Structure formats: structure tokens, C-alpha cells
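What follows is the content of my_file-v1.txt (compact mmCIF, C-alpha atoms and all ligand atoms).
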# COMPACT_ATOMS: atom_id res chain seq x y z
CA MET A 1 -53.36 -32.38 -32.53
CA LYS A 2 -55.91 -31.00 -30.09
CA GLU A 3 -55.13 -30.22 -26.50
CA ILE A 4 -56.70 -32.78 -24.20
CA SER A 5 -56.84 -31.15 -20.83
CA THR A 6 -59.15 -31.46 -17.91
CA THR A 7 -57.20 -28.85 -15.99
CA PHE A 8 -57.53 -25.97 -18.45
CA THR A 9 -59.01 -22.82 -17.05
CA LEU A 10 -59.03 -19.22 -18.19
CA THR A 11 -56.88 -16.92 -16.11
CA THR A 12 -58.38 -14.16 -14.00
CA PHE A 13 -56.77 -11.69 -16.39
CA GLU A 14 -58.47 -13.32 -19.39
CA ILE A 15 -61.84 -13.42 -17.65
CA ASN A 16 -61.57 -9.76 -16.64
CA GLU A 17 -60.57 -8.76 -20.18
CA ILE A 18 -63.55 -10.62 -21.61
CA GLU A 19 -65.90 -9.03 -19.05
CA LYS A 20 -64.57 -5.60 -20.06
CA GLN A 21 -65.45 -6.25 -23.71
CA LYS A 22 -69.11 -6.75 -22.78
CA LYS A 23 -69.40 -2.98 -22.27
CA TYR A 24 -68.52 -2.29 -25.89
CA TYR A 25 -70.92 -4.62 -27.69
CA GLU A 26 -74.68 -5.01 -27.68
CA ASN A 27 -74.75 -8.78 -28.03
CA SER A 28 -72.69 -11.64 -26.74
CA ARG A 29 -71.89 -13.10 -30.14
CA SER A 30 -70.07 -9.88 -31.00
CA VAL A 31 -68.10 -10.11 -27.78
CA SER A 32 -67.11 -13.68 -28.55
CA ILE A 33 -64.65 -12.74 -31.30
CA GLU A 34 -62.88 -10.39 -28.91
CA ALA A 35 -62.89 -13.11 -26.25
CA LEU A 36 -61.32 -15.58 -28.68
CA LYS A 37 -58.61 -13.05 -29.55
CA ILE A 38 -57.91 -12.45 -25.86
CA VAL A 39 -57.41 -16.16 -25.23
CA GLN A 40 -55.33 -16.70 -28.36
CA LYS A 41 -53.07 -13.72 -27.71
CA LYS A 42 -51.24 -15.36 -24.83
CA ARG A 43 -51.75 -19.03 -25.65
CA GLY A 44 -51.29 -18.98 -29.43
CA TRP A 45 -54.49 -20.92 -30.11
CA VAL A 46 -57.91 -21.67 -28.64
CA CYS A 47 -58.63 -25.13 -27.19
CA ASP A 48 -62.04 -26.78 -26.79
CA GLN A 49 -62.25 -26.02 -23.08
CA ALA A 50 -61.58 -22.33 -23.75
CA ILE A 51 -64.57 -22.31 -26.12
CA ILE A 52 -66.73 -23.76 -23.34
CA GLU A 53 -65.50 -21.25 -20.77
CA ILE A 54 -65.98 -18.29 -23.11
CA ALA A 55 -69.50 -19.52 -23.80
CA ASN A 56 -70.22 -19.69 -20.05
CA ILE A 57 -69.01 -16.14 -19.48
CA LEU A 58 -71.09 -14.83 -22.38
CA ASN A 59 -74.19 -16.96 -21.72
CA LEU A 60 -73.89 -18.55 -25.13
CA ASN A 61 -74.03 -22.12 -26.31
CA PRO A 62 -70.48 -23.41 -26.97
CA SER A 63 -71.54 -24.19 -30.55
CA GLU A 64 -72.17 -20.48 -31.11
CA VAL A 65 -68.67 -19.58 -29.96
CA GLU A 66 -67.27 -22.46 -32.01
CA SER A 67 -69.01 -21.16 -35.14
CA VAL A 68 -67.47 -17.71 -34.62
CA ALA A 69 -64.04 -19.29 -34.10
CA THR A 70 -64.43 -21.35 -37.25
CA PHE A 71 -65.56 -18.37 -39.31
CA TYR A 72 -62.51 -16.24 -38.53
CA SER A 73 -59.43 -17.65 -40.19
CA GLN A 74 -57.16 -15.86 -37.73
CA ILE A 75 -58.49 -17.85 -34.80
CA TYR A 76 -56.51 -21.07 -34.52
CA ARG A 77 -58.20 -24.16 -33.10
CA GLN A 78 -55.02 -26.17 -33.02
CA PRO A 79 -51.51 -25.34 -31.84
CA VAL A 80 -49.54 -23.39 -34.44
CA GLY A 81 -45.90 -22.47 -34.87
CA ARG A 82 -44.29 -19.25 -33.71
CA ASN A 83 -45.06 -17.77 -37.12
CA VAL A 84 -48.11 -18.50 -39.26
CA ILE A 85 -47.84 -18.26 -43.03
CA ARG A 86 -51.22 -17.89 -44.73
CA TYR A 87 -51.23 -18.00 -48.51
CA CYS A 88 -54.25 -16.81 -50.45
CA ASP A 89 -55.77 -19.49 -52.68
CA SER A 90 -58.69 -17.43 -54.01
CA VAL A 91 -59.31 -16.72 -57.65
CA VAL A 92 -56.99 -13.78 -58.41
CA CYS A 93 -54.07 -15.36 -56.56
CA TYR A 94 -54.87 -18.59 -58.38
CA LEU A 95 -54.65 -16.81 -61.73
CA THR A 96 -51.40 -15.10 -60.75
CA GLY A 97 -49.65 -18.23 -59.56
CA TYR A 98 -50.36 -18.99 -55.91
CA GLU A 99 -49.74 -22.68 -56.62
CA LYS A 100 -46.05 -22.00 -57.26
CA ILE A 101 -45.88 -20.14 -53.96
CA LYS A 102 -47.59 -22.95 -52.10
CA LYS A 103 -45.38 -25.64 -53.68
CA PHE A 104 -42.23 -23.69 -52.91
CA LEU A 105 -43.25 -23.17 -49.28
CA GLU A 106 -44.10 -26.85 -48.84
CA ASP A 107 -40.78 -27.96 -50.33
CA TYR A 108 -38.69 -25.32 -48.60
CA LEU A 109 -40.19 -25.91 -45.17
CA PHE A 110 -40.67 -29.69 -45.59
CA ILE A 111 -44.29 -29.48 -44.53
CA LYS A 112 -47.72 -29.84 -46.08
CA ILE A 113 -50.68 -27.50 -45.73
CA GLY A 114 -51.92 -27.30 -42.18
CA ASN A 115 -48.67 -28.55 -40.67
CA THR A 116 -45.96 -26.98 -38.55
CA THR A 117 -42.20 -27.31 -39.07
CA VAL A 118 -40.44 -29.65 -36.65
CA ASP A 119 -38.72 -26.71 -34.95
CA GLY A 120 -42.09 -25.02 -34.38
CA ARG A 121 -41.02 -22.01 -36.39
CA PHE A 122 -43.68 -21.97 -39.13
CA THR A 123 -47.21 -23.19 -39.73
CA LEU A 124 -48.55 -23.14 -43.28
CA LEU A 125 -52.26 -22.45 -43.84
CA PRO A 126 -54.45 -21.52 -46.81
CA VAL A 127 -56.77 -18.55 -46.53
CA CYS A 128 -59.51 -16.98 -48.61
CA CYS A 129 -58.94 -13.63 -50.27
CA LEU A 130 -56.77 -11.31 -48.21
CA GLY A 131 -58.26 -8.24 -49.87
CA ASN A 132 -55.05 -7.52 -51.72
CA CYS A 133 -56.11 -8.88 -55.10
CA ASP A 134 -54.62 -6.06 -57.19
CA LYS A 135 -51.20 -7.01 -55.82
CA ALA A 136 -51.53 -10.79 -56.10
CA PRO A 137 -50.18 -13.28 -55.41
CA THR A 138 -50.37 -12.50 -51.74
CA ILE A 139 -49.35 -14.13 -48.48
CA MET A 140 -49.48 -13.05 -44.86
CA ILE A 141 -46.91 -13.95 -42.26
CA ASN A 142 -48.40 -13.25 -38.86
CA GLU A 143 -49.86 -9.75 -39.32
CA ASP A 144 -47.61 -8.77 -42.25
CA LEU A 145 -48.97 -8.74 -45.79
CA TYR A 146 -46.70 -9.45 -48.78
CA SER A 147 -47.64 -8.58 -52.35
CA HIS A 148 -46.52 -9.58 -55.86
CA LEU A 149 -44.78 -12.56 -54.35
CA ASN A 150 -42.71 -15.05 -56.28
CA PRO A 151 -40.77 -18.07 -54.98
CA ASP A 152 -37.38 -16.37 -55.39
CA LEU A 153 -38.33 -13.83 -52.72
CA ILE A 154 -39.43 -16.35 -50.13
CA PRO A 155 -36.12 -17.47 -48.53
CA ASN A 156 -35.10 -13.94 -47.60
CA LEU A 157 -38.59 -13.16 -46.45
CA LEU A 158 -38.68 -16.12 -44.10
CA GLU A 159 -35.38 -15.04 -42.56
CA LEU A 160 -37.28 -12.12 -41.01
CA TYR A 161 -39.23 -14.57 -38.84
CA LYS A 162 -37.37 -16.60 -36.23
S1 LIG B 201 -57.61 -13.30 -54.40
FE1 LIG B 201 -55.75 -13.32 -53.29
S2 LIG B 201 -55.79 -11.43 -52.23
FE2 LIG B 201 -57.71 -11.48 -53.22

What is this structure when it is put down as C-alpha cells?
Ligand code: FES
Amino acid sequence: MKEISTTFTLTTFEINEIEKQKKYYENSRSVSIEALKIVQKKRGWVCDQAIIEIANILNLNPSEVESVATFYSQIYRQPVGRNVIRYCDSVVCYLTGYEKIKKFLEDYLFIKIGNTTVDGRFTLLPVCCLGNCDKAPTIMINEDLYSHLNPDLIPNLLELYK
């Protein structure tokens, strides 16, 4: 579900924040990740027109900004719920049972991977290694990392996120 908008425009605040970042980086591609975070912070995700406008500010081709956005799993290119659950499906989490975590989350939330609950509370996404392999299986909810997870722990955990 992509935003189709001909009226989208970055705010003056967003533009100024992006301009400020130019001072801290030597090249525009490096600024683009900060620009994407600035846009996502308020809006929750980054639409196609935002990619184009960021590219204009940074004198980049939109495809360059798009490739940065695609590379970083924490940049969302579609609307997401108020809370984003990202479960690790890389090798150590696979060996320690991420599939049980994923199945439980899908059944408990009545959604499939990539979807958002009808109340907009949770989005469920896979992610590559979260760098927490020695404490697998691992999930992240928003910016919070959870280790040694098992399905029994999930209901109480989700209650922390409204
Ligand atoms: S493999 Fe899951 S955190 Fe590294």
C-alpha cells in the first residue's frame, strides 16, 4: 500500500534538518541516510515523493536515494503500524528456533509477514542478523532488542507496546 500523492512536500523543518546534515558528511550519499531518518521520524515511513525531494536537495539521482533506503532495514517504504516487530531469520536464530517465534507472532496477531494488524498497532517484518547471535533467538520491537526469546514470553512482551 504505497502513498499516492501529488501534494506531498517536505516541510521547511525537514528541509532545514537535511541541509544541516550536509555539514557533517563529505558526500551526499552519506547524508541521504540521515535525510531518510529525518523524514521517517515524523511520518513513520518514506514515500516515493520524499525520495525524489531528498534526491533534489542532495543533488543525487532518486535511484541512489532509493538504493540507500532499500539497504537499511529500518527505513520503511510503506506505512507501518505504531510498533514494528522485526524478527531475525538469519542462521543462528534459525538454528535456535526463530520459526516458532514467527509462527506464534503470525497466529497471535492474525497477520502474515509484512502486514500490519487491523488496529494499526503492530507490523511484522523479517530482518537479517541483529548482531545478537549469542543470545538468539532475537527480535526487535521498535528500538528495543529482546534475547533468548520463546513464544511463551511474547504475550507479556507485546503488552508493553500500545
Ligand atoms: S543470527 Fe539472529 S541475531 Fe544474529

Could you report the residues within 7 Å of ligand LIG 201 (chain B), using all atoms listed in the file, as a VMD selection string? chain A and resid 88 to 93 129 to 133 136 to 138

Minimum-distance residue to Arg121 (chain A), chosen among A:Val68, A:Val80, A:Met140, A:Leu95 (using all atoms listed in the file):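 Once distances to Arg121 (chain A) are computed over all atoms listed in the file, the minimum belongs to A:Val80.
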
Non-local contacts of Tyr76 (chain A) (9 Å; all atoms listed in the file; under 6 positions in same chain excluded) as a PDB file with C-alpha atoms, keeping the file's coordinate frame:
ATOM      1  CA  GLN A  40     -55.330 -16.700 -28.360  1.00  0.00           C
ATOM      2  CA  GLY A  44     -51.290 -18.980 -29.430  1.00  0.00           C
ATOM      3  CA  TRP A  45     -54.490 -20.920 -30.110  1.00  0.00           C
ATOM      4  CA  VAL A  46     -57.910 -21.670 -28.640  1.00  0.00           C
ATOM      5  CA  CYS A  47     -58.630 -25.130 -27.190  1.00  0.00           C
ATOM      6  CA  ALA A  69     -64.040 -19.290 -34.100  1.00  0.00           C
ATOM      7  CA  THR A  70     -64.430 -21.350 -37.250  1.00  0.00           C
TER       8      THR A  70
END

Would you work out the distance separating CA of Tyr94 (chain A) from CA of Val118 (chain A), expressed in Å to one decimal?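 Pair CA of Tyr94 (chain A) / CA of Val118 (chain A) returns 28.3 Å.
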
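Between Lys112 (chain A) and the residues A:Leu160, A:Cys128, A:Ile85, A:Ala35, the shortest atom-to-atom distance, using only C-alpha atoms, involves A:Ile85.
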
Contacts of Leu60 (chain A) within 12 Å, only C-alpha atoms, excl. fewer than 4 positions in-chain, as a list of chain:residue names: A:Asn27, A:Ser28, A:Arg29, A:Ser30, A:Val31, A:Ser32, A:Ile51, A:Ile52, A:Glu53, A:Ile54, A:Ala55, A:Asn56, A:Glu64, A:Val65, A:Glu66, A:Ser67, A:Val68

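Separating CA of Gly114 (chain A) from CA of Ile33 (chain A) is a distance of 22.2 Å.
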
Nearest residue to Ile57 (chain A) out of A:Asn16, A:Thr96, A:Gln74, A:Asn83, using all atoms listed in the file? A:Asn16

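Coordinates place CA of Lys102 (chain A) at a distance of 20.8 Å from CA of Pro79 (chain A).
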
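Proximity of A:Asp144, A:Glu26, A:Asp152, A:Asp107 to Leu58 (chain A), computed with all atoms listed in the file, is greatest for A:Glu26.
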
Nearest to Pro155 (chain A) by atom-to-atom distance, counting all atoms listed in the file, from A:Val127, A:Ile113, A:Leu105, A:Leu36: A:Leu105

May I have the residues within 12 Å of Gly120 (chain A) as a ChimeraX atom specification, using all atoms listed in the file and disregarding those fewer than 4 positions away in the same chain? /A:79-84,109,111,115-116,124,161-162

Skip Pro151 (chain A) itself and residues of its chain fewer than 3 positions away, then list as a ChimeraX atom specification all residues within 8 Å of it, counting all atoms listed in the file. /A:100-101,104,154-155

Kindly indicate which residue among A:Gln49, A:Glu99, A:Gln21, A:Ile141 lies nearest to Glu159 (chain A), using all atoms listed in the file for the distances.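 Smallest distance to Glu159 (chain A) is found for A:Ile141.
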
Would you fill the gaps in region 53-68 of chain A so it has N, CA and C atoms, then print it as a PDB file, in the frame of the given file?
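File produced: result_17.pdb:
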ATOM      1  N   GLU A  53     -65.564 -22.273 -21.823  1.00  0.00           N
ATOM      2  CA  GLU A  53     -65.500 -21.250 -20.770  1.00  0.00           C
ATOM      3  C   GLU A  53     -65.918 -19.876 -21.285  1.00  0.00           C
ATOM      4  N   ILE A  54     -65.530 -19.560 -22.507  1.00  0.00           N
ATOM      5  CA  ILE A  54     -65.980 -18.290 -23.110  1.00  0.00           C
ATOM      6  C   ILE A  54     -67.506 -18.291 -23.220  1.00  0.00           C
ATOM      7  N   ALA A  55     -68.053 -19.406 -23.661  1.00  0.00           N
ATOM      8  CA  ALA A  55     -69.500 -19.520 -23.800  1.00  0.00           C
ATOM      9  C   ALA A  55     -70.188 -19.299 -22.453  1.00  0.00           C
ATOM     10  N   ASN A  56     -69.634 -19.868 -21.392  1.00  0.00           N
ATOM     11  CA  ASN A  56     -70.220 -19.690 -20.050  1.00  0.00           C
ATOM     12  C   ASN A  56     -70.223 -18.224 -19.644  1.00  0.00           C
ATOM     13  N   ILE A  57     -69.102 -17.554 -19.869  1.00  0.00           N
ATOM     14  CA  ILE A  57     -69.010 -16.140 -19.480  1.00  0.00           C
ATOM     15  C   ILE A  57     -70.021 -15.292 -20.248  1.00  0.00           C
ATOM     16  N   LEU A  58     -70.236 -15.652 -21.507  1.00  0.00           N
ATOM     17  CA  LEU A  58     -71.090 -14.830 -22.380  1.00  0.00           C
ATOM     18  C   LEU A  58     -72.532 -15.341 -22.468  1.00  0.00           C
ATOM     19  N   ASN A  59     -72.840 -16.363 -21.675  1.00  0.00           N
ATOM     20  CA  ASN A  59     -74.190 -16.960 -21.720  1.00  0.00           C
ATOM     21  C   ASN A  59     -74.577 -17.396 -23.129  1.00  0.00           C
ATOM     22  N   LEU A  60     -73.639 -18.025 -23.786  1.00  0.00           N
ATOM     23  CA  LEU A  60     -73.890 -18.550 -25.130  1.00  0.00           C
ATOM     24  C   LEU A  60     -73.757 -20.063 -25.095  1.00  0.00           C
ATOM     25  N   ASN A  61     -74.282 -20.701 -26.122  1.00  0.00           N
ATOM     26  CA  ASN A  61     -74.030 -22.120 -26.310  1.00  0.00           C
ATOM     27  C   ASN A  61     -72.611 -22.258 -26.878  1.00  0.00           C
ATOM     28  N   PRO A  62     -71.830 -23.246 -26.413  1.00  0.00           N
ATOM     29  CA  PRO A  62     -70.480 -23.410 -26.970  1.00  0.00           C
ATOM     30  C   PRO A  62     -70.461 -23.504 -28.499  1.00  0.00           C
ATOM     31  N   SER A  63     -71.526 -24.067 -29.080  1.00  0.00           N
ATOM     32  CA  SER A  63     -71.540 -24.190 -30.550  1.00  0.00           C
ATOM     33  C   SER A  63     -71.578 -22.811 -31.224  1.00  0.00           C
ATOM     34  N   GLU A  64     -72.158 -21.828 -30.545  1.00  0.00           N
ATOM     35  CA  GLU A  64     -72.170 -20.480 -31.110  1.00  0.00           C
ATOM     36  C   GLU A  64     -70.761 -19.875 -31.109  1.00  0.00           C
ATOM     37  N   VAL A  65     -70.044 -20.095 -30.022  1.00  0.00           N
ATOM     38  CA  VAL A  65     -68.670 -19.580 -29.960  1.00  0.00           C
ATOM     39  C   VAL A  65     -67.798 -20.344 -30.962  1.00  0.00           C
ATOM     40  N   GLU A  66     -68.026 -21.640 -31.051  1.00  0.00           N
ATOM     41  CA  GLU A  66     -67.270 -22.460 -32.010  1.00  0.00           C
ATOM     42  C   GLU A  66     -67.508 -21.950 -33.434  1.00  0.00           C
ATOM     43  N   SER A  67     -68.739 -21.599 -33.759  1.00  0.00           N
ATOM     44  CA  SER A  67     -69.010 -21.160 -35.140  1.00  0.00           C
ATOM     45  C   SER A  67     -68.318 -19.829 -35.426  1.00  0.00           C
ATOM     46  N   VAL A  68     -68.213 -18.967 -34.433  1.00  0.00           N
ATOM     47  CA  VAL A  68     -67.470 -17.710 -34.620  1.00  0.00           C
ATOM     48  C   VAL A  68     -65.989 -18.027 -34.829  1.00  0.00           C
TER      49      VAL A  68
END
